[in-house]
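Notes follow the structure.
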Amino acid sequence: MTDRDVLSGIPLFAEVLDEASLTALAAGATRVEYDRGAVLIEEHAPGDSMFVIVRGAVAVSVRDGGKDRRVATLHDGDVVGEMSLLTGARRAATVTAMRPTVAIEIPRSALAPILAAAPDLADHFAAIIEGRKKELDALYGERHWLTSGSPASEVADRVRRFFSRAG
């Protein structure tokens, strides 16, 4: 399966991008492989990319009271790192490969021209981000995954500001 095929099956992209944008996004992405124990994302680090898990499994953990607490396990087709990529927020969790894992890494540079060509996509991405934040809060407790209580319009403005800066 090609990276474009994988991305077209991910709601974050399939619900907002047309065929040409999906193709362009896939062209700017990189397929990466991680061994068991490799860290894809480190909590509190800056984030300028996101990952789509193609094959494998990753643990998502947060530092809580001096200990790591797993808050999620992600598998094939799951997305991680989108909030940081889209808004410039620091990483909210550490993501570690639980077994050999293949992922598609999507850098800011691949998404920027797509958002520049269709700025209204920020509204669609913001709505999806807000939904994801609510899901995370319901499952794992409120942790300020992005900004607590931010309406989708504020998130959309944040996406636009972040992508309008030189990257």
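Chain labels run A, B, ... following the order of the structure tokens; each chain numbers its residues from 1, and ligands are numbered from 1 in the order shown.
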Which neighbours of range 18-25 of chain A fall inside 6 Å, counting only C-alpha atoms, when residues of the same chain fewer than 3 positions from it are skipped, and could you give them as a tab-separated table (two decimals) with N, CA and C atoms, in the first residue's frame?
chain	number	residue	atom	x	y	z
A	4	ARG	N	0.20	7.39	-0.06
A	4	ARG	CA	-1.00	8.13	-0.45
A	4	ARG	C	-2.26	7.33	-0.11
A	28	GLY	N	5.33	14.77	0.20
A	28	GLY	CA	6.17	15.48	1.16
A	28	GLY	C	6.44	14.72	2.44
A	110	ALA	N	5.44	19.79	4.55
A	110	ALA	CA	4.55	19.11	3.61
A	110	ALA	C	3.13	19.64	3.71
*Write out as a ChimeraX atom specification all residues of range 44-122 of chain A that backbone DSSP assigns to alpha helix (DSSP H).*
/A:82-87,108-117,121-122
Same residues, N, CA and C atoms, saved as a PDB file, in the first residue's frame:
ATOM      1  N   GLU A  82      -0.513  15.242  15.866  1.00  0.00           N
ATOM      2  CA  GLU A  82      -1.192  16.223  15.022  1.00  0.00           C
ATOM      3  C   GLU A  82      -1.427  17.556  15.715  1.00  0.00           C
ATOM      4  N   MET A  83      -1.669  17.553  17.011  1.00  0.00           N
ATOM      5  CA  MET A  83      -1.937  18.816  17.703  1.00  0.00           C
ATOM      6  C   MET A  83      -0.705  19.715  17.686  1.00  0.00           C
ATOM      7  N   SER A  84       0.457  19.140  17.929  1.00  0.00           N
ATOM      8  CA  SER A  84       1.691  19.929  17.901  1.00  0.00           C
ATOM      9  C   SER A  84       2.004  20.404  16.491  1.00  0.00           C
ATOM     10  N   LEU A  85       1.864  19.519  15.510  1.00  0.00           N
ATOM     11  CA  LEU A  85       2.155  19.901  14.135  1.00  0.00           C
ATOM     12  C   LEU A  85       1.264  21.052  13.687  1.00  0.00           C
ATOM     13  N   LEU A  86      -0.017  20.967  13.975  1.00  0.00           N
ATOM     14  CA  LEU A  86      -0.958  21.960  13.466  1.00  0.00           C
ATOM     15  C   LEU A  86      -0.936  23.278  14.223  1.00  0.00           C
ATOM     16  N   THR A  87      -0.511  23.270  15.478  1.00  0.00           N
ATOM     17  CA  THR A  87      -0.601  24.503  16.277  1.00  0.00           C
ATOM     18  C   THR A  87       0.730  25.034  16.785  1.00  0.00           C
ATOM     19  N   ARG A 108       5.880  19.666   8.890  1.00  0.00           N
ATOM     20  CA  ARG A 108       5.193  20.941   8.682  1.00  0.00           C
ATOM     21  C   ARG A 108       5.366  21.407   7.238  1.00  0.00           C
ATOM     22  N   SER A 109       6.555  21.201   6.678  1.00  0.00           N
ATOM     23  CA  SER A 109       6.840  21.660   5.313  1.00  0.00           C
ATOM     24  C   SER A 109       5.943  20.983   4.276  1.00  0.00           C
ATOM     25  N   ALA A 110       5.438  19.790   4.552  1.00  0.00           N
ATOM     26  CA  ALA A 110       4.545  19.107   3.611  1.00  0.00           C
ATOM     27  C   ALA A 110       3.126  19.644   3.710  1.00  0.00           C
ATOM     28  N   LEU A 111       2.722  20.069   4.887  1.00  0.00           N
ATOM     29  CA  LEU A 111       1.360  20.549   5.094  1.00  0.00           C
ATOM     30  C   LEU A 111       1.207  22.043   4.784  1.00  0.00           C
ATOM     31  N   ALA A 112       2.273  22.811   4.940  1.00  0.00           N
ATOM     32  CA  ALA A 112       2.198  24.266   4.770  1.00  0.00           C
ATOM     33  C   ALA A 112       1.655  24.695   3.402  1.00  0.00           C
ATOM     34  N   PRO A 113       2.144  24.146   2.285  1.00  0.00           N
ATOM     35  CA  PRO A 113       1.611  24.605   1.000  1.00  0.00           C
ATOM     36  C   PRO A 113       0.141  24.241   0.794  1.00  0.00           C
ATOM     37  N   ILE A 114      -0.294  23.162   1.400  1.00  0.00           N
ATOM     38  CA  ILE A 114      -1.693  22.755   1.278  1.00  0.00           C
ATOM     39  C   ILE A 114      -2.578  23.745   2.024  1.00  0.00           C
ATOM     40  N   LEU A 115      -2.174  24.137   3.230  1.00  0.00           N
ATOM     41  CA  LEU A 115      -2.942  25.127   3.984  1.00  0.00           C
ATOM     42  C   LEU A 115      -2.875  26.509   3.338  1.00  0.00           C
ATOM     43  N   ALA A 116      -1.746  26.834   2.725  1.00  0.00           N
ATOM     44  CA  ALA A 116      -1.626  28.131   2.039  1.00  0.00           C
ATOM     45  C   ALA A 116      -2.585  28.203   0.851  1.00  0.00           C
ATOM     46  N   ALA A 117      -2.750  27.084   0.141  1.00  0.00           N
ATOM     47  CA  ALA A 117      -3.623  27.056  -1.027  1.00  0.00           C
ATOM     48  C   ALA A 117      -5.102  27.037  -0.642  1.00  0.00           C
ATOM     49  N   LEU A 121      -9.113  25.223   5.230  1.00  0.00           N
ATOM     50  CA  LEU A 121      -8.855  23.900   5.796  1.00  0.00           C
ATOM     51  C   LEU A 121      -8.518  23.992   7.280  1.00  0.00           C
ATOM     52  N   ALA A 122      -7.993  25.131   7.712  1.00  0.00           N
ATOM     53  CA  ALA A 122      -7.671  25.309   9.135  1.00  0.00           C
ATOM     54  C   ALA A 122      -8.914  25.108   9.997  1.00  0.00           C
TER      55      ALA A 122
END
*asked:* Please return, as a ChimeraX atom specification, all residues of range 44-109 of chain A that DSSP assigns to strand (DSSP E or B) on the basis of the backbone.
replied: /A:49-55,57-64,67-75,79-80,94-97,101-107
Residue subset to file, keeping N, CA, C and O atoms, as a tab-separated table (two decimals), in the first residue's frame:
chain	number	residue	atom	x	y	z
A	49	SER	N	6.21	17.79	13.28
A	49	SER	CA	5.74	16.71	12.42
A	49	SER	C	4.72	15.88	13.18
A	49	SER	O	4.57	16.00	14.39
A	50	MET	N	4.00	15.06	12.42
A	50	MET	CA	3.07	14.11	13.00
A	50	MET	C	3.32	12.76	12.36
A	50	MET	O	4.05	12.67	11.37
A	51	PHE	N	2.73	11.72	12.92
A	51	PHE	CA	2.97	10.37	12.45
A	51	PHE	C	1.65	9.63	12.23
A	51	PHE	O	0.73	9.76	13.03
A	52	VAL	N	1.60	8.86	11.16
A	52	VAL	CA	0.52	7.92	10.91
A	52	VAL	C	1.13	6.53	11.05
A	52	VAL	O	2.11	6.21	10.37
A	53	ILE	N	0.61	5.73	11.95
A	53	ILE	CA	1.13	4.39	12.16
A	53	ILE	C	0.64	3.50	11.02
A	53	ILE	O	-0.56	3.32	10.83
A	54	VAL	N	1.59	2.97	10.25
A	54	VAL	CA	1.26	2.09	9.14
A	54	VAL	C	1.18	0.65	9.64
A	54	VAL	O	0.25	-0.08	9.33
A	55	ARG	N	2.18	0.26	10.43
A	55	ARG	CA	2.23	-1.10	10.96
A	55	ARG	C	3.01	-1.08	12.26
A	55	ARG	O	4.09	-0.49	12.33
A	57	ALA	N	2.90	-0.83	16.77
A	57	ALA	CA	2.18	-0.32	17.93
A	57	ALA	C	3.08	0.61	18.71
A	57	ALA	O	4.29	0.38	18.81
A	58	VAL	N	2.49	1.67	19.24
A	58	VAL	CA	3.24	2.62	20.05
A	58	VAL	C	2.49	2.88	21.34
A	58	VAL	O	1.26	2.83	21.39
A	59	ALA	N	3.24	3.15	22.39
A	59	ALA	CA	2.68	3.52	23.68
A	59	ALA	C	2.76	5.03	23.82
A	59	ALA	O	3.79	5.63	23.52
A	60	VAL	N	1.68	5.63	24.26
A	60	VAL	CA	1.63	7.06	24.52
A	60	VAL	C	1.61	7.22	26.04
A	60	VAL	O	0.72	6.69	26.71
A	61	SER	N	2.61	7.93	26.58
A	61	SER	CA	2.68	8.08	28.03
A	61	SER	C	2.94	9.53	28.41
A	61	SER	O	3.49	10.31	27.63
A	62	VAL	N	2.51	9.86	29.61
A	62	VAL	CA	2.73	11.20	30.16
A	62	VAL	C	3.43	11.06	31.50
A	62	VAL	O	3.29	10.06	32.20
A	63	ARG	N	4.19	12.07	31.83
A	63	ARG	CA	4.86	12.11	33.12
A	63	ARG	C	3.84	12.60	34.13
A	63	ARG	O	3.25	13.66	33.97
A	64	ASP	N	3.61	11.82	35.16
A	64	ASP	CA	2.57	12.13	36.14
A	64	ASP	C	3.11	11.80	37.52
A	64	ASP	O	3.35	10.63	37.83
A	67	LYS	N	6.34	9.79	37.60
A	67	LYS	CA	6.32	8.48	36.96
A	67	LYS	C	5.68	8.58	35.58
A	67	LYS	O	4.82	9.43	35.35
A	68	ASP	N	6.08	7.68	34.69
A	68	ASP	CA	5.43	7.61	33.39
A	68	ASP	C	4.13	6.83	33.52
A	68	ASP	O	4.10	5.77	34.14
A	69	ARG	N	3.07	7.39	32.93
A	69	ARG	CA	1.76	6.73	32.95
A	69	ARG	C	1.28	6.58	31.52
A	69	ARG	O	1.15	7.56	30.79
A	70	ARG	N	1.05	5.35	31.11
A	70	ARG	CA	0.56	5.11	29.75
A	70	ARG	C	-0.89	5.57	29.67
A	70	ARG	O	-1.72	5.18	30.49
A	71	VAL	N	-1.18	6.38	28.65
A	71	VAL	CA	-2.54	6.87	28.47
A	71	VAL	C	-3.19	6.30	27.23
A	71	VAL	O	-4.41	6.41	27.07
A	72	ALA	N	-2.39	5.71	26.34
A	72	ALA	CA	-2.97	5.14	25.12
A	72	ALA	C	-1.98	4.19	24.48
A	72	ALA	O	-0.76	4.29	24.69
A	73	THR	N	-2.53	3.27	23.71
A	73	THR	CA	-1.75	2.41	22.83
A	73	THR	C	-2.34	2.61	21.44
A	73	THR	O	-3.55	2.48	21.26
A	74	LEU	N	-1.48	2.96	20.49
A	74	LEU	CA	-1.94	3.22	19.13
A	74	LEU	C	-1.42	2.14	18.19
A	74	LEU	O	-0.32	1.61	18.38
A	75	HIS	N	-2.23	1.86	17.17
A	75	HIS	CA	-1.92	0.79	16.22
A	75	HIS	C	-2.08	1.29	14.79
A	75	HIS	O	-2.30	2.48	14.56
A	79	VAL	N	-3.16	8.06	14.37
A	79	VAL	CA	-2.39	9.28	14.14
A	79	VAL	C	-1.90	9.80	15.49
A	79	VAL	O	-2.64	9.76	16.47
A	80	VAL	N	-0.68	10.32	15.52
A	80	VAL	CA	-0.15	10.91	16.74
A	80	VAL	C	0.71	12.11	16.38
A	80	VAL	O	1.39	12.13	15.35
A	94	THR	N	4.93	11.40	25.52
A	94	THR	CA	6.03	10.65	24.90
A	94	THR	C	5.41	9.47	24.17
A	94	THR	O	4.50	8.82	24.68
A	95	VAL	N	5.92	9.20	22.97
A	95	VAL	CA	5.42	8.10	22.15
A	95	VAL	C	6.58	7.17	21.86
A	95	VAL	O	7.60	7.59	21.31
A	96	THR	N	6.43	5.90	22.26
A	96	THR	CA	7.51	4.92	22.16
A	96	THR	C	7.02	3.68	21.41
A	96	THR	O	5.93	3.18	21.69
A	97	ALA	N	7.85	3.18	20.49
A	97	ALA	CA	7.50	1.96	19.75
A	97	ALA	C	7.49	0.77	20.70
A	97	ALA	O	8.45	0.54	21.42
A	101	THR	N	7.99	-0.81	14.32
A	101	THR	CA	6.87	0.01	13.86
A	101	THR	C	7.27	0.77	12.60
A	101	THR	O	8.37	1.32	12.52
A	102	VAL	N	6.36	0.82	11.65
A	102	VAL	CA	6.52	1.60	10.43
A	102	VAL	C	5.50	2.73	10.50
A	102	VAL	O	4.32	2.49	10.81
A	103	ALA	N	5.96	3.94	10.21
A	103	ALA	CA	5.07	5.10	10.26
A	103	ALA	C	5.34	6.02	9.08
A	103	ALA	O	6.41	5.96	8.47
A	104	ILE	N	4.38	6.85	8.79
A	104	ILE	CA	4.57	7.93	7.81
A	104	ILE	C	4.72	9.19	8.63
A	104	ILE	O	3.82	9.55	9.40
A	105	GLU	N	5.86	9.86	8.47
A	105	GLU	CA	6.09	11.12	9.17
A	105	GLU	C	5.73	12.26	8.22
A	105	GLU	O	6.24	12.34	7.11
A	106	ILE	N	4.85	13.13	8.69
A	106	ILE	CA	4.40	14.27	7.90
A	106	ILE	C	4.95	15.53	8.55
A	106	ILE	O	4.53	15.91	9.64
A	107	PRO	N	5.91	16.19	7.89
A	107	PRO	CA	6.49	17.40	8.46
A	107	PRO	C	5.63	18.63	8.16
A	107	PRO	O	4.79	18.62	7.24
*Kindly give the distance, in Å, that separates CA of His44 in chain A and CA of Gly66 in chain A, rounded to a single decimal.*
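Straight-line distance from CA of His44 in chain A to CA of Gly66 in chain A works out to 14.4 Å.
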*Identify which of the residues A:Val155, A:Arg36, A:Gly88, A:Ile41 lies closest to Gly131 in chain A, counting only C-alpha atoms when measuring atom-to-atom distances.*
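Between A:Val155, A:Arg36, A:Gly88, A:Ile41, the residue approaching Gly131 in chain A most closely is A:Val155.
Take CA of Pro100 in chain A and CA of Pro11 in chain A: the distance between them is 24.4 Å.
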*Pick from A:Arg99, A:Arg161, A:Ala118, A:Gly56: nearest to Asp76 in chain A, with only C-alpha atoms counted?*
A:Gly56
*With only C-alpha atoms as the atoms that count, which of A:Asp123, A:Asp3, A:Asp48, A:Asp35 lies nearest to Arg158 in chain A?*
A:Asp123
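Compared by their closest atoms to Ala127 in chain A, and using only C-alpha atoms, the residues A:Ala27, A:Ile10, A:Ala45, A:Val159 rank with A:Val159 nearest.
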_Using only C-alpha atoms: which of A:Val16, A:Met1, A:Ala156, A:Ala92 has the shortest distance to Glu130 in chain A_ =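 When distances to Glu130 in chain A are compared using only C-alpha atoms, the smallest one comes from A:Ala156.
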*Selected residue of minimal separation from Phe13 in chain A among A:Gly47, A:Gly65, A:Ile129, A:Ala93, counting only C-alpha atoms*: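 Under the stated criterion, the closest residue is A:Ile129.
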